[in-house]
Structure formats: structure tokens, C-alpha cells
Amino acid sequence: MDCLCETGQDVFQVDPALLARLAGPESGWRDHALPCPDGSVHFRVGRIGSGISLTTSDCRLRGDYRSRIDHGGAVGVLAFGLSGISLFGCGDAAPRHTVRAGDVWLFRLDDAPITRVTPAQEQAGMLAVKFDLNRVGEALVGAGLDRMPGGTRAVRLGRSEAGAGRLRPLLDNGLTSPLDRLMAESAALGMLAHWLAPLSNDSSLADHTMGEGVLDDGERRGLARVADLLLSDLCHPPSLDRLAETAGMSHARLNRCFRKAYGQTVFAWLRDRRLERAEHGLRSGGQSVTEIAFLCGFSSSSHFASAFRERHGCSPAEFRRRC
């Protein structure tokens, strides 16, 4: 694992051998501080088991801080925002994925580096659970991450309003004994399964939903880019102007193509994806109906209830009781 960091006009090359040792201790956690004249950047790294490791970061900065990390292999990263904000980019793309406190993101890196920009702020903290794709690649395929365009994938899975509370099985685990690491491995895999489940149930990603017979290759590629952008963050969709620009089409043509492919307009399709995500939340429990409404991008619980009743013929609370 190689890491290049810069702040202001200074650039720091961190010893790859040191980072490799940090990523793979025999037991316990290891702490490390990266050079930063405009504040402090601390990492805590621990290995859980074969192909799974944890990294917590704590940044306190008076100036923007940039880092580029090459993991030296194909990995998936389940990222939990603990405080502040950070921006991430996959491969050579400019950082455009914003991880805020409470956000849960999944990055799939097919031998590609990841770039992080941490703006100046009092504190920005994250937990990253890194999985070797040899271990979890089949699960990511089942969640549709092989059908999203490009060699790298980034998806905002939702928000965890409980914050660090639900991460205590990982954050408070000393990783000092085989039993500790076994418990942490179980917790990490359970978290991955929990956050992937809504994607696995999302029929919108299936190849057969695209009306290939009525769209040309350019239109299909444009719709794929738009769907990728919308699914990456259901709560904060871009404007129709931005979506049309992404597809390389006019507003009217984009909606016509969406109707041909999916039988509905862009934002009707987005509402259905939000409702599918909400259905999973209602089945799994643990969050109130109001929390699920906001986590899935609805502006209010009443708006959510109205849309849900239109689709299912019952209220979200009734749906939960039946399940």
C-alpha cells in the first residue's frame, strides 16, 4: 500500500513498507501520524482476519489536506463518516464523493487508487472497513456493482444516524486474541451484508430492465451514467440540468429515453428506487418510519407515507406490522 500526501505546497511520500506493516499487524491496533504542518492526521490500523482490515482516521486541519492511496490490489471499502467531511475520488477521477458524518459509502476499487481531500476543519473522522475482493467480490456482484459503468464504483448506501454507537463492536474491539478478531470479522461481514441488502433487492440495476431494442448505444450509455449518478446518492439527486448534461441529451430526450427503458420519467424512477430502499428498512427494523423517510430521501414523513400508500395500498407502519 502506497500513500502520497500533500498540504499547501509541500508533498510527502510515505514509506510504503511502513504502511504495509501498519495494515497487517499480528494482533491489536497500530497508530501512526502522517506529516502535516497545518494540523494533525492520525491513523489507527488493525487486521481482523484474512482479507479484512480496519482503519480509523482523525484529521484536525488548518489547511486542506490531500492524500492518494494505492492499496496494491482489488479491494472494497465500506466507509463510515464519524465527523466532519471528506471528499473521495476513485482512480484518476477528481474527488467528487462527499462523505459526511453519519454517511455510509461503499467504494469498489479494481486495482485503482483512491484520492481523499480533507478540507480545513476542526475534526474529520472516519472508519474504513477494507475487504479483499477475493473474499467479498461475489456479494458485490449480487448487489449489482458489476453492472455499474467504469472500472471503479462508489455508492452512497445511506445514513447511520446512530453514528459511532453501532460501530462499537469494531471500534472497541482490542483485536488482541483470535476470539477478538473472530468477533470483529463477524461484525464486519454482518455490516457489509446489512448495507448491501437494499442494492441486492434493487431490480433497477438488472440488465433486462434496459429497453435495448428501442435505444441506440449512445442512449443506453447515457442512461447508465444517469442511473449510476442517481443510485450513488438517493438522498441528494443532481438537478435535471446536471443529469441531462451527464447523459449528453436534452431534458426532453432524457425523459423520453427513460420512458422507453423503464416506463417512467427520471424522477418517478428515482422515487421507486427510494421506496425499494425504504421497504428494506421497514423489514429490517431498528429505525423509525420517520428516520427511514429521511434516510431514503423523502422531504417529510407525510410525503413518504403518501408515496408508500400509493405503491403498496397501506401505510409504512402497516407494512412493517405485516412483515
# chains A, B, ... in the order shown; residues from 1 in each chain; ligands from 1
>>> residues_around(residues="range 104-120 of chain A", least_positions_apart="6", cutoff="6 Å", atoms="only C-alpha atoms", output="ChimeraX atom specification")
/A:61-70,73-80,86-91,152-159
>>> select_by_dssp(residues="range 180-292 of chain A", states="alpha helix (DSSP H)", output="ChimeraX atom specification")
/A:180-200,217-231,240-247,251-262,266-284,289-292
>>> residues_around(residues="Ser302 in chain A", least_positions_apart="4", cutoff="9 Å", atoms="only C-alpha atoms", output="list in words")
Thr290, Ala293, Phe298, Ser306 and Ala307 of chain A
>>> residues_around(residues="Arg283 in chain A", least_positions_apart="6", cutoff="9 Å", atoms="only C-alpha atoms", output="list in words")
Phe319, Arg320 and Cys323 of chain A
>>> write_last_selection(atoms="all heavy atoms", output="tab-separated table (two decimals), in the first residue's frame")
chain	number	residue	atom	x	y	z
A	319	PHE	N	-47.32	-1.83	6.78
A	319	PHE	CA	-46.40	-2.71	6.06
A	319	PHE	C	-45.43	-3.38	7.02
A	319	PHE	O	-45.18	-4.59	6.94
A	319	PHE	CB	-45.66	-1.91	5.00
A	319	PHE	CG	-44.71	-2.71	4.16
A	319	PHE	CD1	-45.12	-3.34	3.00
A	319	PHE	CD2	-43.38	-2.84	4.52
A	319	PHE	CE1	-44.25	-4.06	2.21
A	319	PHE	CE2	-42.48	-3.56	3.76
A	319	PHE	CZ	-42.93	-4.18	2.59
A	320	ARG	N	-44.89	-2.60	7.96
A	320	ARG	CA	-43.94	-3.15	8.94
A	320	ARG	C	-44.61	-4.21	9.81
A	320	ARG	O	-44.00	-5.26	10.10
A	320	ARG	CB	-43.37	-2.01	9.79
A	320	ARG	CG	-42.60	-2.47	11.00
A	320	ARG	CD	-41.86	-1.33	11.65
A	320	ARG	NE	-40.57	-1.10	11.01
A	320	ARG	CZ	-39.75	-0.09	11.30
A	320	ARG	NH1	-40.12	0.82	12.21
A	320	ARG	NH2	-38.60	0.04	10.69
A	323	CYS	N	-44.93	-7.46	7.97
A	323	CYS	CA	-43.64	-8.15	7.74
A	323	CYS	C	-43.10	-8.77	9.02
A	323	CYS	O	-42.15	-9.52	8.96
A	323	CYS	CB	-42.60	-7.16	7.16
A	323	CYS	SG	-42.98	-6.62	5.50
>>> closest_residue(among="A:Phe267, A:Ala305, A:Asp132, A:Leu192", to="Val226 in chain A", atoms="only C-alpha atoms")
A:Phe267
>>> select_by_dssp(residues="range 128-287 of chain A", states="strand (DSSP E or B)", output="PDB file with N, CA, C and O atoms, in the first residue's frame")
ATOM      1  N   ALA A 128     -12.942   3.016   8.050  1.00  0.00           N
ATOM      2  CA  ALA A 128     -12.951   2.320   6.765  1.00  0.00           C
ATOM      3  C   ALA A 128     -12.720   0.832   7.026  1.00  0.00           C
ATOM      4  O   ALA A 128     -11.736   0.457   7.672  1.00  0.00           O
ATOM      5  N   VAL A 129     -13.651   0.007   6.538  1.00  0.00           N
ATOM      6  CA  VAL A 129     -13.508  -1.444   6.628  1.00  0.00           C
ATOM      7  C   VAL A 129     -13.116  -1.926   5.234  1.00  0.00           C
ATOM      8  O   VAL A 129     -13.897  -1.797   4.289  1.00  0.00           O
ATOM      9  N   LYS A 130     -11.907  -2.450   5.123  1.00  0.00           N
ATOM     10  CA  LYS A 130     -11.376  -2.829   3.811  1.00  0.00           C
ATOM     11  C   LYS A 130     -11.470  -4.340   3.630  1.00  0.00           C
ATOM     12  O   LYS A 130     -11.014  -5.108   4.482  1.00  0.00           O
ATOM     13  N   PHE A 131     -12.080  -4.753   2.507  1.00  0.00           N
ATOM     14  CA  PHE A 131     -12.268  -6.165   2.190  1.00  0.00           C
ATOM     15  C   PHE A 131     -11.511  -6.498   0.909  1.00  0.00           C
ATOM     16  O   PHE A 131     -11.622  -5.787  -0.086  1.00  0.00           O
ATOM     17  N   ASP A 132     -10.769  -7.589   0.931  1.00  0.00           N
ATOM     18  CA  ASP A 132     -10.183  -8.125  -0.289  1.00  0.00           C
ATOM     19  C   ASP A 132     -11.322  -8.609  -1.186  1.00  0.00           C
ATOM     20  O   ASP A 132     -12.209  -9.350  -0.738  1.00  0.00           O
ATOM     21  N   THR A 152     -14.186   1.611 -11.577  1.00  0.00           N
ATOM     22  CA  THR A 152     -14.317   1.858 -10.144  1.00  0.00           C
ATOM     23  C   THR A 152     -15.764   2.228  -9.845  1.00  0.00           C
ATOM     24  O   THR A 152     -16.477   2.754 -10.688  1.00  0.00           O
ATOM     25  N   ARG A 153     -16.183   1.920  -8.641  1.00  0.00           N
ATOM     26  CA  ARG A 153     -17.571   2.172  -8.268  1.00  0.00           C
ATOM     27  C   ARG A 153     -17.614   2.853  -6.912  1.00  0.00           C
ATOM     28  O   ARG A 153     -16.851   2.511  -6.009  1.00  0.00           O
ATOM     29  N   ALA A 154     -18.518   3.795  -6.756  1.00  0.00           N
ATOM     30  CA  ALA A 154     -18.737   4.465  -5.477  1.00  0.00           C
ATOM     31  C   ALA A 154     -20.233   4.641  -5.310  1.00  0.00           C
ATOM     32  O   ALA A 154     -20.902   5.193  -6.177  1.00  0.00           O
ATOM     33  N   VAL A 155     -20.766   4.143  -4.207  1.00  0.00           N
ATOM     34  CA  VAL A 155     -22.200   4.194  -3.960  1.00  0.00           C
ATOM     35  C   VAL A 155     -22.441   4.670  -2.537  1.00  0.00           C
ATOM     36  O   VAL A 155     -21.860   4.129  -1.590  1.00  0.00           O
ATOM     37  N   ARG A 156     -23.272   5.701  -2.390  1.00  0.00           N
ATOM     38  CA  ARG A 156     -23.695   6.116  -1.053  1.00  0.00           C
ATOM     39  C   ARG A 156     -24.828   5.198  -0.635  1.00  0.00           C
ATOM     40  O   ARG A 156     -25.913   5.207  -1.211  1.00  0.00           O
ATOM     41  N   LEU A 157     -24.594   4.369   0.389  1.00  0.00           N
ATOM     42  CA  LEU A 157     -25.562   3.365   0.795  1.00  0.00           C
ATOM     43  C   LEU A 157     -26.651   3.929   1.695  1.00  0.00           C
ATOM     44  O   LEU A 157     -27.717   3.328   1.824  1.00  0.00           O
ATOM     45  N   GLY A 158     -26.396   5.054   2.328  1.00  0.00           N
ATOM     46  CA  GLY A 158     -27.400   5.640   3.205  1.00  0.00           C
ATOM     47  C   GLY A 158     -26.752   6.360   4.364  1.00  0.00           C
ATOM     48  O   GLY A 158     -25.572   6.730   4.308  1.00  0.00           O
ATOM     49  N   ARG A 159     -27.526   6.526   5.432  1.00  0.00           N
ATOM     50  CA  ARG A 159     -27.024   7.191   6.632  1.00  0.00           C
ATOM     51  C   ARG A 159     -27.270   6.314   7.851  1.00  0.00           C
ATOM     52  O   ARG A 159     -28.271   5.610   7.928  1.00  0.00           O
TER      53      ARG A 159
END
>>> closest_residue(among="A:His42, A:His32, A:Arg322, A:Arg96", to="Arg60 in chain A", atoms="only C-alpha atoms")
A:His42
>>> closest_residue(among="A:Leu196, A:Ile48, A:Ala261, A:Leu234", to="Gly137 in chain A", atoms="only C-alpha atoms")
A:Leu196
>>> closest_residue(among="A:Tyr262, A:Phe294, A:Trp269, A:Phe43", to="Ser160 in chain A", atoms="only C-alpha atoms")
A:Phe294
>>> residues_around(residues="Arg309 in chain A", least_positions_apart="5", cutoff="12 Å", atoms="only C-alpha atoms", output="NGL selection string")
:A and (275 or 279 or 302-304 or 314-319)
